[in-house]
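**Student:** My questions will all concern the structure given below.
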Amino acid sequence: MLKPFEWQDRPALIEHLFPVQKISAESFKEQMAGSGKTLTALGSYWKGRKPLILNKACILGALLPATDNSLKDLEIFELLMGMDSQTMQKRIEATLPASRRGNVGEYLVLPYNEQVRQAKRPEELHDSLFSHVWIRVNAHLGTSASSFPELVEQIGIARFGHRPRVADVFCGSGQIPFEAARLGCDVYASDLNPIACMLTWGGFNIVGASPDKRIEIDKAQKELAQKVRAEIDDLEVETDGKGWRAKVFLYCLEIDCPESGWKVPLLPTMIISKGYKMVARLIPVPTEKRYDIEIVYVATDVEMNKAQVGTVKDGYVVHSPDGNTVFRVSINN
C-alpha cells in the first residue's frame, strides 16, 4: 500500500506496463459493435473514433502509480478494466440464458479474445459489475473509493493536490473527454471543426445526461418531430396521395451527353438491394431528353445480373434512349 507522500514521486503505471493484447481484444469488440457503441447514436461517421475502452485504459494507466509490485499493479489495473476472471464471468453470464449460466466455466478456459467475443462489453453493464473490486483496489492503493469518480478524485489529490484535469484541444467527436469525464476527471475540450464540437457537446449533454434529463430530452424530441411532421404533411412532399410515405430518398448526379444531348444519370449499377431484389430502371422521357428513374422489384437472378451494369462502365457513360442506338462517351471528355 502506498503512503500519501509517496504518490507524487511515483511514475505512471502506463510507463511500466500495459496489457496490450487484452486491451486490443476489448477495443476490437467495441469497434465491431457498430451502432451499439455508446457515442454512435450522435453520428456514426467519424473516421478517428477511438474505442472508449482504450481511452479508459490510457487515462487510468496515466493516473495510477507504478509500485514496487508490478504483478499486483497489473492485477489492480485489470480489475478496474473489467478484465479479471471474476468480472469476465459476470460479463459472459449476462449473455447466457439462465439455464446455461451454470456452464460459464466452459468459456473461462478459452483464450482471452474468445472470452471477450462471448461477453458483454463492460460499459454495457451496470456499475455493480465492479462491486467486488474496491476492497482489493483500496487495499493496494490506500484509497477508500467505491466508484470510479471517487477513486480518480482520491488519486488526483494524492498525486497533484486536486482532481485530475484532462484537456483535449483536438477532441474530434469527443471520445477522450467523454471517457475522462465518465471516470471523474475535470475535462476541457475543443476542436477547430464545429461538427466535432457539436458531437462532443452531444456526448456530454445527451448521451451523458442523467436519467431525468434523458426523459426530458426524449419528450422534447418527440414534440419537435411531431411539429416537423405536421409541416411536411401540409407541404405534401413525402406522400403520394395513396397513403404511402417516403422512407428513403436516393439521388445521383447527371451529366449532359455531348453526342445525344440527353441528361444521363451516373449509375455504376442499377441494383438498389440484392437481398430484396430491388433495382432501378431508366425510363426515357424523349420530349425532355432525360430519364426518369423507376424503382422496381424483380423476380429472377437473370434480371439481377443484368442490373449489375449501370450507365458508368470502364470510364465511359453508356446509354440508349431508344433501346437501339447506344451512346458511349468518355467521362474525361
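Residues are named by chain letter and number: chains run A, B, ... in the order of the C-alpha cells, numbers start at 1 in each chain, and ligands are numbered from 1 in the order shown.
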For range 91-98 of chain A, find every residue with an atom within 9 Å (counting only C-alpha atoms), except residues of its own chain fewer than 5 positions away, and show them as a list in words.
**Tutor:**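 Skipping anything fewer than 5 positions along the chain leaves Gly82, Gln86, Val104, Tyr107, Leu108, Gln115, Val116, Gln118, Ala119, Lys120, Arg121, Pro122, Leu125 and Leu129 of chain A.
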**Student:** Would you put the residues from that selection into a file with C-alpha atoms, as a PDB file, in the first residue's frame?
**Tutor:**
ATOM      1  CA  GLY A  82     -13.148  -5.412 -16.057  1.00  0.00           C
ATOM      2  CA  GLN A  86     -14.452 -12.752 -11.818  1.00  0.00           C
ATOM      3  CA  VAL A 104     -19.956 -20.341 -17.728  1.00  0.00           C
ATOM      4  CA  TYR A 107     -15.889 -20.124 -21.524  1.00  0.00           C
ATOM      5  CA  LEU A 108     -13.376 -19.017 -18.888  1.00  0.00           C
ATOM      6  CA  GLN A 115     -13.963 -14.839 -23.888  1.00  0.00           C
ATOM      7  CA  VAL A 116     -14.336 -11.220 -24.979  1.00  0.00           C
ATOM      8  CA  GLN A 118     -18.756 -14.105 -25.973  1.00  0.00           C
ATOM      9  CA  ALA A 119     -19.024 -11.472 -23.225  1.00  0.00           C
ATOM     10  CA  LYS A 120     -20.842  -8.186 -22.868  1.00  0.00           C
ATOM     11  CA  ARG A 121     -18.665  -5.082 -23.005  1.00  0.00           C
ATOM     12  CA  PRO A 122     -18.042  -3.633 -19.504  1.00  0.00           C
ATOM     13  CA  LEU A 125     -23.465  -3.462 -17.739  1.00  0.00           C
ATOM     14  CA  LEU A 129     -20.093  -5.187 -12.397  1.00  0.00           C
TER      15      LEU A 129
END
**Student:** Neighbours of range 28-43 of chain A within 10 Å (only C-alpha atoms; same-chain residues fewer than 2 positions away dropped), as number ranges by chain?
**Tutor:** A: 22-26, 45-46, 49-54, 113, 116-124, 173-175, 178, 195, 198-200, 202-204, 206-208
**Student:** Those same residues, written as an mmCIF file, in the first residue's frame with C-alpha atoms?
**Tutor:**
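Dumped everything to again33.cif:
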data_model
loop_
_atom_site.group_PDB
_atom_site.id
_atom_site.type_symbol
_atom_site.label_atom_id
_atom_site.label_comp_id
_atom_site.auth_asym_id
_atom_site.auth_seq_id
_atom_site.Cartn_x
_atom_site.Cartn_y
_atom_site.Cartn_z
ATOM 1 C CA LYS A 22 -6.244 -7.847 -23.721
ATOM 2 C CA ILE A 23 -6.910 -4.186 -24.465
ATOM 3 C CA SER A 24 -6.655 -4.901 -28.199
ATOM 4 C CA ALA A 25 -9.269 -7.652 -27.890
ATOM 5 C CA GLU A 26 -11.573 -5.344 -25.921
ATOM 6 C CA TYR A 45 -19.460 8.852 -39.415
ATOM 7 C CA TRP A 46 -16.232 9.889 -37.721
ATOM 8 C CA ARG A 49 -13.353 7.469 -33.435
ATOM 9 C CA LYS A 50 -11.311 5.802 -30.693
ATOM 10 C CA PRO A 51 -12.712 2.948 -28.588
ATOM 11 C CA LEU A 52 -13.853 4.190 -25.193
ATOM 12 C CA ILE A 53 -12.294 1.120 -23.560
ATOM 13 C CA LEU A 54 -8.910 2.156 -24.971
ATOM 14 C CA ASN A 113 -10.126 -12.903 -27.182
ATOM 15 C CA VAL A 116 -14.336 -11.220 -24.979
ATOM 16 C CA ARG A 117 -16.193 -12.290 -28.111
ATOM 17 C CA GLN A 118 -18.756 -14.105 -25.973
ATOM 18 C CA ALA A 119 -19.024 -11.472 -23.225
ATOM 19 C CA LYS A 120 -20.842 -8.186 -22.868
ATOM 20 C CA ARG A 121 -18.665 -5.082 -23.005
ATOM 21 C CA PRO A 122 -18.042 -3.633 -19.504
ATOM 22 C CA GLU A 123 -19.828 -0.377 -20.374
ATOM 23 C CA GLU A 124 -22.970 -2.305 -21.347
ATOM 24 C CA SER A 173 -16.081 13.693 -31.751
ATOM 25 C CA GLY A 174 -15.234 13.616 -28.060
ATOM 26 C CA GLN A 175 -14.224 10.076 -27.097
ATOM 27 C CA PHE A 178 -16.247 11.774 -22.658
ATOM 28 C CA ILE A 195 -19.135 19.408 -36.202
ATOM 29 C CA MET A 198 -21.259 19.675 -31.663
ATOM 30 C CA LEU A 199 -20.716 15.912 -31.315
ATOM 31 C CA THR A 200 -18.606 16.419 -28.196
ATOM 32 C CA GLY A 202 -23.884 15.991 -27.510
ATOM 33 C CA GLY A 203 -21.772 13.303 -25.855
ATOM 34 C CA PHE A 204 -21.664 15.236 -22.605
ATOM 35 C CA ILE A 206 -27.257 13.975 -24.315
ATOM 36 C CA VAL A 207 -25.514 10.603 -24.036
ATOM 37 C CA GLY A 208 -24.072 11.573 -20.669
#
**Student:** Nearest to Lys313 in chain A: which of A:Ala66, A:Leu282, A:Ile331, A:Ala299 is it, counting only C-alpha atoms?
**Tutor:** A:Ile331
**Student:** DSSP on the backbone, alpha helix (DSSP H) only: what residues of range 151-286 of chain A does that give? Format it as a ChimeraX atom specification.
**Tutor:** /A:151-160,175-183,194-202,211-235
**Student:** As a PyMOL selection string, please: every residue in range 60-257 of chain A that DSSP puts in strand (DSSP E or B).
**Tutor:** chain A and resi 65+165-168+186-189+239+245+254-256
**Student:** Quick one: residues within 12 Å of Asp168 in chain A, only C-alpha atoms, excluding same-chain residues fewer than 4 positions away - as a PyMOL selection string?
**Tutor:** chain A and resi 172-181+186-192+197+200
**Student:** CA of Asp218 in chain A and CA of Arg245 in chain A, how far apart in Å?
**Tutor:**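 Taking CA of Arg245 in chain A as the start and CA of Asp218 in chain A as the end point, the length is 23.8 Å.
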**Student:** For Met270 in chain A, which residue among A:Glu231, A:Asp256, A:Glu303, A:Asp68 is the nearest when counting only C-alpha atoms?
**Tutor:**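 Among the listed residues, the smallest separation from Met270 in chain A belongs to A:Glu303.
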**Student:** Would you kindly return, as an MDAnalysis selection string, each protein, DNA or RNA residue with an atom no farther than 12 Å from any atom of Ile217 in chain A, considering only C-alpha atoms and excluding same-chain residues fewer than 4 positions away?
**Tutor:** chainID A and resid 202 205:213 221:224
**Student:** Pick out the closest residue to Val137 in chain A from this set: A:Lys289, A:Lys56, A:Arg10, A:Lys72. Count only C-alpha atoms.
**Tutor:**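 Using only C-alpha atoms, the shortest distance to Val137 in chain A belongs to A:Lys72.
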